[in-house]
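The next block is upload_10.cif, given as mmCIF, C-alpha atoms.
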data_input
loop_
_atom_site.label_atom_id
_atom_site.label_comp_id
_atom_site.auth_asym_id
_atom_site.auth_seq_id
_atom_site.Cartn_x
_atom_site.Cartn_y
_atom_site.Cartn_z
CA MET V 1 -90.12 60.34 -84.43
CA PRO V 2 -93.93 60.21 -84.47
CA PHE V 3 -94.16 56.42 -84.83
CA THR V 4 -92.05 55.59 -81.78
CA ALA V 5 -95.13 54.89 -79.66
CA LEU V 6 -96.50 52.49 -82.25
CA ALA V 7 -93.30 50.46 -82.22
CA THR V 8 -94.00 49.35 -78.65
CA ALA V 9 -97.81 49.32 -78.86
CA THR V 10 -99.46 46.20 -77.46
CA THR V 11 -102.79 46.85 -79.20
CA PRO V 12 -102.62 45.04 -82.57
CA THR V 13 -104.78 47.61 -84.34
CA ALA V 14 -102.25 50.36 -83.55
CA HIS V 15 -100.29 49.06 -86.54
CA ILE V 16 -103.23 49.62 -88.88
CA GLY V 17 -103.75 53.19 -90.06
CA LEU V 18 -106.73 54.84 -91.70
CA GLY V 19 -106.18 56.38 -95.13
CA LEU V 20 -108.68 59.05 -96.20
CA ALA V 21 -108.29 58.82 -99.99
CA ALA V 22 -111.72 57.23 -100.44
CA VAL V 23 -113.73 59.63 -98.28
CA GLY V 24 -112.27 63.09 -98.87
CA ARG V 25 -113.65 63.49 -102.41
CA PRO V 26 -116.62 62.11 -104.36
CA GLY V 27 -114.60 60.21 -106.98
CA TYR V 28 -111.96 57.54 -106.52
CA ILE V 29 -110.68 54.44 -108.31
CA ASN V 30 -111.76 51.84 -105.75
CA LEU V 31 -114.13 49.18 -107.06
CA HIS V 32 -117.84 49.17 -106.12
CA ARG V 33 -117.79 52.77 -104.96
CA ASP V 34 -121.50 53.11 -105.77
CA GLN V 35 -122.19 50.53 -103.06
CA ASP V 36 -120.07 52.42 -100.55
CA PHE V 37 -121.96 55.66 -101.12
CA PRO V 38 -125.56 54.79 -102.07
CA GLU V 39 -127.07 57.94 -100.56
CA GLY V 40 -125.00 60.74 -102.05
CA ARG V 41 -121.54 62.23 -102.06
CA GLU V 42 -122.09 65.90 -101.36
CA VAL V 43 -119.60 67.68 -99.12
CA GLU V 44 -121.72 67.22 -96.02
CA ASP V 45 -122.21 63.52 -96.80
CA LEU V 46 -118.48 62.89 -96.95
CA ARG V 47 -117.74 65.13 -93.98
CA ALA V 48 -120.13 63.05 -91.88
CA ARG V 49 -118.72 59.78 -93.25
CA THR V 50 -115.14 60.85 -92.55
CA HIS V 51 -115.94 61.83 -88.98
CA GLU V 52 -117.85 58.58 -88.44
CA LEU V 53 -114.89 56.55 -89.69
CA LEU V 54 -112.41 58.49 -87.58
CA ASP V 55 -114.51 57.96 -84.47
CA ALA V 56 -114.78 54.23 -85.14
CA ALA V 57 -111.08 53.90 -85.96
CA TYR V 58 -109.91 55.67 -82.83
CA ALA V 59 -112.32 53.72 -80.63
CA GLN V 60 -110.89 50.46 -82.00
CA GLY V 61 -107.25 51.35 -81.45
CA VAL V 62 -106.17 52.88 -84.76
CA ARG V 63 -103.55 55.54 -84.06
CA TYR V 64 -102.37 56.71 -87.49
CA VAL V 65 -104.41 58.73 -90.01
CA ASP V 66 -103.14 59.47 -93.51
CA ALA V 67 -104.39 62.33 -95.70
CA ALA V 68 -103.11 64.36 -98.66
CA ARG V 69 -103.64 67.73 -100.28
CA SER V 70 -105.12 65.95 -103.31
CA TYR V 71 -107.70 64.00 -101.31
CA GLY V 72 -110.34 66.65 -101.92
CA ARG V 73 -111.34 68.03 -98.50
CA ALA V 74 -109.82 65.24 -96.41
CA GLU V 75 -107.48 67.56 -94.50
CA GLU V 76 -110.39 69.92 -93.81
CA PHE V 77 -112.58 67.09 -92.49
CA LEU V 78 -109.72 65.69 -90.42
CA GLY V 79 -108.83 69.09 -88.99
CA GLU V 80 -112.41 69.71 -87.89
CA TRP V 81 -112.53 66.31 -86.22
CA LEU V 82 -109.24 66.90 -84.40
CA ASP V 83 -110.30 70.35 -83.21
CA ALA V 84 -113.37 68.81 -81.59
CA ARG V 85 -111.25 66.16 -79.80
CA PRO V 86 -108.25 67.91 -78.26
CA SER V 87 -107.67 65.03 -75.83
CA PHE V 88 -106.73 62.63 -78.65
CA THR V 89 -103.06 63.50 -78.35
CA ASP V 90 -101.80 59.98 -79.07
CA LEU V 91 -102.98 60.05 -82.68
CA VAL V 92 -100.26 60.35 -85.34
CA VAL V 93 -101.33 62.52 -88.28
CA GLY V 94 -99.71 62.32 -91.69
CA SER V 95 -100.42 64.12 -94.94
CA LYS V 96 -98.83 64.47 -98.34
CA TRP V 97 -98.01 67.23 -100.79
CA GLY V 98 -97.19 67.15 -104.51
CA TYR V 99 -100.61 66.64 -106.12
CA THR V 100 -103.29 69.31 -106.45
CA TYR V 101 -106.95 68.29 -106.44
CA THR V 102 -108.54 69.64 -109.63
CA ALA V 103 -111.91 67.85 -109.96
CA ASP V 104 -113.96 70.58 -108.23
CA TRP V 105 -116.08 67.94 -106.45
CA SER V 106 -117.08 66.21 -109.66
CA THR V 107 -116.75 62.55 -110.63
CA GLU V 108 -116.76 63.49 -114.31
CA ALA V 109 -113.68 65.72 -114.31
CA GLU V 110 -111.14 65.16 -117.07
CA ALA V 111 -108.32 65.30 -114.50
CA HIS V 112 -108.88 64.69 -110.79
CA GLU V 113 -105.39 65.67 -109.64
CA VAL V 114 -102.26 67.24 -111.10
CA LYS V 115 -98.75 66.30 -109.98
CA ASP V 116 -96.04 68.89 -109.32
CA HIS V 117 -93.05 68.24 -107.06
CA SER V 118 -91.58 71.74 -107.29
CA LEU V 119 -90.44 73.82 -104.33
CA ALA V 120 -93.18 76.34 -105.12
CA THR V 121 -95.84 73.65 -104.81
CA PHE V 122 -94.36 72.47 -101.53
CA GLU V 123 -94.42 75.99 -100.09
CA ARG V 124 -98.00 76.60 -101.23
CA GLN V 125 -99.34 73.28 -100.07
CA ARG V 126 -97.44 73.37 -96.77
CA ALA V 127 -99.22 76.65 -96.00
CA GLU V 128 -102.58 75.11 -96.96
CA THR V 129 -101.97 72.08 -94.77
CA ARG V 130 -100.88 74.28 -91.86
CA GLU V 131 -104.09 76.27 -92.16
CA LEU V 132 -106.20 73.10 -91.92
CA LEU V 133 -104.22 70.91 -89.51
CA GLY V 134 -102.26 73.47 -87.51
CA ASP V 135 -99.75 71.91 -85.16
CA ARG V 136 -101.38 68.47 -85.33
CA LEU V 137 -99.36 67.46 -88.41
CA ASP V 138 -96.69 64.90 -87.46
CA LEU V 139 -95.57 63.67 -90.88
CA TYR V 140 -95.44 65.40 -94.29
CA GLN V 141 -94.69 63.20 -97.30
CA ILE V 142 -93.83 63.80 -100.93
CA HIS V 143 -96.77 62.28 -102.78
CA SER V 144 -95.93 59.51 -105.28
CA LEU V 145 -92.22 59.94 -105.73
CA THR V 146 -90.95 58.25 -108.90
CA PRO V 147 -87.37 57.85 -110.19
CA ASP V 148 -87.86 60.74 -112.64
CA SER V 149 -89.25 63.17 -110.05
CA PRO V 150 -87.44 66.52 -109.91
CA ALA V 151 -87.77 66.31 -106.13
CA LEU V 152 -84.88 63.86 -106.04
CA ALA V 153 -82.43 66.41 -107.42
CA ASP V 154 -83.78 69.68 -106.00
CA LYS V 155 -81.25 70.67 -103.32
CA GLU V 156 -83.22 73.76 -102.33
CA LEU V 157 -86.28 71.61 -101.73
CA HIS V 158 -84.18 69.20 -99.67
CA GLU V 159 -83.00 72.08 -97.49
CA ARG V 160 -86.57 73.24 -96.97
CA LEU V 161 -87.72 69.73 -96.08
CA ALA V 162 -84.85 69.41 -93.60
CA ALA V 163 -85.90 72.74 -92.07
CA LEU V 164 -89.44 71.40 -91.68
CA ALA V 165 -88.02 68.35 -89.91
CA ALA V 166 -86.06 70.64 -87.59
CA GLU V 167 -89.38 72.28 -86.70
CA GLY V 168 -90.65 68.91 -85.47
CA VAL V 169 -92.55 67.57 -88.50
CA ALA V 170 -91.12 64.28 -89.76
CA VAL V 171 -90.44 64.15 -93.51
CA GLY V 172 -91.25 61.15 -95.68
CA PHE V 173 -92.29 60.13 -99.18
CA SER V 174 -94.73 57.81 -100.89
CA THR V 175 -94.11 55.91 -104.11
CA SER V 176 -96.21 54.64 -106.98
CA GLY V 177 -95.76 52.83 -110.27
CA PRO V 178 -93.75 49.84 -111.48
CA HIS V 179 -90.41 51.33 -110.40
CA GLN V 180 -91.14 51.89 -106.73
CA ALA V 181 -87.95 50.12 -105.67
CA ASP V 182 -85.79 52.47 -107.74
CA ALA V 183 -87.50 55.52 -106.23
CA ILE V 184 -87.08 54.16 -102.70
CA ARG V 185 -83.38 53.49 -103.13
CA ALA V 186 -82.79 56.91 -104.70
CA ALA V 187 -84.60 58.59 -101.81
CA LEU V 188 -82.64 56.61 -99.21
CA ALA V 189 -79.45 58.10 -100.62
CA LEU V 190 -80.52 61.72 -100.03
CA THR V 191 -78.90 63.58 -97.16
CA VAL V 192 -78.76 67.15 -95.87
CA ASP V 193 -75.68 68.10 -93.85
CA GLY V 194 -74.78 64.43 -93.71
CA ASN V 195 -78.11 63.36 -92.21
CA PRO V 196 -80.69 61.20 -94.00
CA LEU V 197 -83.52 63.35 -95.29
CA PHE V 198 -86.43 60.94 -94.93
CA ARG V 199 -87.81 59.15 -91.88
CA THR V 200 -90.70 57.26 -93.51
CA VAL V 201 -91.59 55.60 -96.79
CA GLN V 202 -95.12 54.75 -97.95
CA ALA V 203 -95.44 52.25 -100.78
CA THR V 204 -97.90 49.97 -102.52
CA TYR V 205 -97.55 46.33 -101.52
CA ASN V 206 -100.17 43.60 -101.75
CA ALA V 207 -100.63 40.00 -102.89
CA LEU V 208 -100.56 41.10 -106.53
CA GLU V 209 -97.75 43.67 -106.40
CA THR V 210 -94.73 42.71 -104.28
CA SER V 211 -91.88 44.23 -106.27
CA ALA V 212 -90.99 46.91 -103.71
CA ALA V 213 -90.40 44.39 -100.91
CA PRO V 214 -86.56 44.20 -101.08
CA ALA V 215 -86.25 48.01 -101.15
CA LEU V 216 -88.73 48.33 -98.29
CA ALA V 217 -86.67 45.88 -96.27
CA GLU V 218 -83.62 48.07 -96.95
CA ALA V 219 -85.54 51.15 -95.84
CA HIS V 220 -86.60 49.41 -92.65
CA GLU V 221 -83.02 48.34 -91.99
CA ALA V 222 -81.95 51.97 -92.49
CA GLY V 223 -84.33 53.06 -89.74
CA LEU V 224 -87.29 54.34 -91.75
CA THR V 225 -90.84 53.50 -90.76
CA VAL V 226 -92.54 51.67 -93.64
CA ILE V 227 -96.18 52.53 -94.30
CA VAL V 228 -98.00 50.23 -96.71
CA LYS V 229 -100.85 51.49 -98.88
CA GLU V 230 -103.26 49.76 -101.25
CA GLY V 231 -103.03 46.44 -99.42
CA MET V 232 -106.29 45.40 -101.09
CA ALA V 233 -105.28 46.59 -104.57
CA ASN V 234 -108.09 49.15 -104.84
CA GLY V 235 -110.70 46.50 -104.08
CA ARG V 236 -109.36 43.71 -106.27
CA LEU V 237 -108.62 41.61 -103.16
CA ALA V 238 -111.89 42.22 -101.31
CA GLY V 239 -115.36 40.74 -101.48
CA GLU V 240 -116.43 38.87 -104.59
CA GLU V 241 -113.57 40.40 -106.56
CA ALA V 242 -111.01 38.53 -104.45
CA PRO V 243 -109.33 35.43 -105.91
CA ALA V 244 -110.74 32.13 -104.66
CA VAL V 245 -107.73 31.45 -102.44
CA PHE V 246 -108.53 34.58 -100.44
CA ARG V 247 -112.09 33.50 -99.91
CA GLU V 248 -111.01 30.02 -98.89
CA ILE V 249 -108.44 31.19 -96.35
CA ALA V 250 -110.89 33.77 -95.05
CA ALA V 251 -113.62 31.16 -94.58
CA ASP V 252 -111.25 28.94 -92.62
CA ALA V 253 -110.27 31.87 -90.40
CA GLY V 254 -113.82 33.14 -89.94
CA VAL V 255 -113.02 36.59 -91.37
CA GLY V 256 -113.42 38.42 -94.66
CA GLY V 257 -111.00 38.35 -97.56
CA ASP V 258 -110.04 41.94 -96.77
CA ALA V 259 -108.60 40.84 -93.42
CA VAL V 260 -106.55 38.16 -95.18
CA ALA V 261 -105.20 40.73 -97.65
CA LEU V 262 -104.05 43.05 -94.87
CA ALA V 263 -102.78 40.15 -92.74
CA LEU V 264 -100.44 39.18 -95.57
CA VAL V 265 -98.91 42.66 -95.38
CA LEU V 266 -98.74 42.68 -91.58
CA HIS V 267 -96.74 39.44 -91.77
CA GLN V 268 -93.90 41.27 -93.56
CA PRO V 269 -91.17 41.97 -90.99
CA TRP V 270 -90.51 45.44 -92.39
CA ALA V 271 -94.15 46.64 -92.34
CA GLY V 272 -94.58 49.29 -89.65
CA VAL V 273 -98.06 50.61 -90.43
CA VAL V 274 -100.56 49.11 -92.86
CA LEU V 275 -103.28 51.42 -94.16
CA SER V 276 -106.95 50.58 -94.31
CA GLY V 277 -108.65 52.48 -97.10
CA ALA V 278 -112.11 51.76 -95.69
CA ALA V 279 -115.00 53.87 -96.92
CA THR V 280 -117.53 52.50 -94.42
CA VAL V 281 -117.47 51.59 -90.75
CA THR V 282 -118.35 48.01 -91.69
CA GLN V 283 -115.34 47.78 -94.01
CA LEU V 284 -113.12 49.21 -91.29
CA ALA V 285 -114.33 46.64 -88.77
CA GLY V 286 -113.54 43.87 -91.25
CA ASN V 287 -110.08 45.28 -91.95
CA LEU V 288 -109.28 45.42 -88.24
CA HIS V 289 -109.57 41.64 -87.96
CA ALA V 290 -106.29 41.39 -89.91
CA PRO V 291 -103.94 41.25 -86.88
CA VAL V 292 -105.55 38.05 -85.60
CA VAL V 293 -105.27 36.18 -88.92
CA GLY V 294 -102.45 33.66 -88.93
CA LEU V 295 -101.05 32.54 -92.26
CA ASP V 296 -99.10 29.31 -92.40
CA GLU V 297 -96.41 28.51 -94.96
CA GLU V 298 -98.78 26.61 -97.24
CA GLN V 299 -101.26 29.51 -97.29
CA ARG V 300 -98.52 32.05 -97.96
CA ASP V 301 -97.25 29.90 -100.85
CA ARG V 302 -100.75 29.89 -102.34
CA LEU V 303 -100.97 33.65 -102.04
CA ASP V 304 -97.50 34.08 -103.54
CA ALA V 305 -98.78 32.41 -106.71
CA LEU V 306 -101.02 35.43 -107.34
CA VAL V 307 -98.17 37.90 -107.92
CA GLU V 308 -98.37 39.86 -111.18
CA GLU V 309 -95.60 41.50 -113.16
CA PRO V 310 -95.31 45.13 -111.96
CA GLU V 311 -95.89 46.64 -115.40
CA SER V 312 -99.07 44.60 -115.80
CA TYR V 313 -100.33 45.45 -112.33
CA TRP V 314 -99.84 49.17 -112.78
CA ARG V 315 -101.40 49.19 -116.26
CA HIS V 316 -104.48 47.58 -114.73
CA ARG V 317 -104.54 50.15 -111.94
CA ALA V 318 -104.15 53.05 -114.37
CA ALA V 319 -107.18 51.79 -116.31
CA LEU V 320 -109.48 51.81 -113.28
CA PRO V 321 -112.19 54.48 -113.72
CA TRP V 322 -112.77 57.31 -111.27
CA HIS V 323 -116.18 56.24 -110.02
#
Now, as a test, write the supplied structure out as structure tokens.
Amino acid sequence: MPFTALATATTPTAHIGLGLAAVGRPGYINLHRDQDFPEGREVEDLRARTHELLDAAYAQGVRYVDAARSYGRAEEFLGEWLDARPSFTDLVVGSKWGYTYTADWSTEAEAHEVKDHSLATFERQRAETRELLGDRLDLYQIHSLTPDSPALADKELHERLAALAAEGVAVGFSTSGPHQADAIRAALALTVDGNPLFRTVQATYNALETSAAPALAEAHEAGLTVIVKEGMANGRLAGEEAPAVFREIAADAGVGGDAVALALVLHQPWAGVVLSGAATVTQLAGNLHAPVVGLDEEQRDRLDALVEEPESYWRHRAALPWH
């Protein structure tokens, strides 16, 4: 299991991973993206930014990197960086299949990605990922599994995923939308030859959207590593966008609101790896303060008051523009 080393890691930042969604393509739904990329978003700009972030993350103890086929050229950038650093053998590399990037490096595209959880898409994208990451891939995840996904019922796909696991690549899934808990529980029930199919689950959890927590606790109890994404709600919990309570707790702790947002997730007993979606080295440095932020019961109660209804949260997220 690729995350075994992280389970006993003594470096706090080993439990924070770096997600490449914001730097592998010119457009994304994070807030204030124009401030993150004031000098251009051509391929070479984002290649350099990705490599800069990876260098900074590794130097500061981050040991998990998360990419996807739909993150533009993220796998390409990551593969180049890994090839130039063959000694970094303690880094766990995950990617995802199931969405195809369709924006052709434009922020004005009508559709930036197209979802397809078919066996044919898996076979095509697995070959593409292998070409870019070679044998450095440790974890391959179904991207944004939902309760209505055909991947849940496709026995042939399950057999192929189990075969990939037998080759040494762990198999997992990510979830999205207001029914994450249902998708997680359905996925936990899948077996091949009597063995559980999945070893990891990646889900959205933050101060505004906590609905997946009971299912994530069940996944953890079942032995899966839980990876948490969107801990800052696509920027809604960072900087001036953050609710006042975040800024107040952050000021008391001498950190930024982003560190408080990620600290809240790290405090969950089932959270194995919490992703930073940093687009700049400065943001990453702020995120990495999260492990030293203590939250007392009164502060957690204040943060709990921010929770939104899942349907409302996901409607808001769906309305965010691709900057």
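Residues matched by the PyMOL selection byres ((chain V and resi 1) around 12) in this file are Pro2, Phe3, Thr4, Ala5, Leu6, Ala7, Val92, Asp138, Leu139, Ala165, Ala166, Gly168, Val169, Ala170, Val171, Gly172, Phe198, Arg199, Thr200, Gly223, Leu224 and Thr225 of chain V.
Between CA of Thr210 (chain V) and CA of Ala153 (chain V) lies a distance of 26.9 Å.
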- Message: Give me the residues near Ala48 (chain V) as number ranges by chain, where near means some atom within 12 Å (using only C-alpha atoms) and where sequence neighbours in that chain fewer than 6 positions away do not count.
- Response: V: 23-24, 37, 40-42, 54-55, 74, 77-78, 80-81, 279-281
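Considering all atoms listed in the file, the residue among V:Ala278, V:Ala207, V:Ala14, V:Ala305 positioned nearest to Asp36 (chain V) is V:Ala278.
Considering all atoms listed in the file, the residue among V:Ala22, V:Leu137, V:Val260, V:Ala213 positioned nearest to Gly239 (chain V) is V:Val260.
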- Message: Applying the PyMOL selection byres ((chain V and resi 227) around 9) to the file I just gave you, which residues come out? Please list them as JSON, numbers by chain.
- Response: {"V": [17, 174, 200, 201, 202, 203, 204, 225, 226, 228, 229, 271, 272, 273, 274, 275]}
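The residue set within 9 Å of Pro269 (chain V), counting all atoms listed in the file and dropping same-chain residues fewer than 4 places from it, reads Ala217, His220 and Val265 of chain V.
Among V:Arg47, V:Arg317, V:His143, V:Arg236, the residue with the shortest atom-to-atom distance to Arg69 (chain V), counting all atoms listed in the file, is V:His143.
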- Task: Evaluate the PyMOL selection byres ((chain V and resi 295-304) around 8) here and jot the selected residues down as a list of chain:residue names.
- Result: V:Ala207, V:Val245, V:Phe246, V:Ile249, V:Ala263, V:Leu264, V:Val293, V:Gly294, V:Ala305, V:Leu306, V:Val307
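Of the listed residues (V:Ala222, V:Ala56, V:Leu20, V:Ala183), V:Leu20 comes nearest to Ser70 (chain V); the distances count only C-alpha atoms.
Between CA of Thr50 (chain V) and CA of Leu266 (chain V) the separation is 24.5 Å.
Straight-line separation from CA of Glu209 (chain V) to CA of Lys115 (chain V): 22.9 Å.
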- With distances taken over only C-alpha atoms, which of V:Ala215, V:Val43, V:Ala57, V:Ile184 is nearest to Asn287 (chain V)? V:Ala57
- Query: Using all atoms listed in the file, which residues sit within 12 Å of Pro321 (chain V) once same-chain residues fewer than 4 positions away are excluded, as a PyMOL selection string?
  - Reply: chain V and resi 27-33+107-112+234+316-317
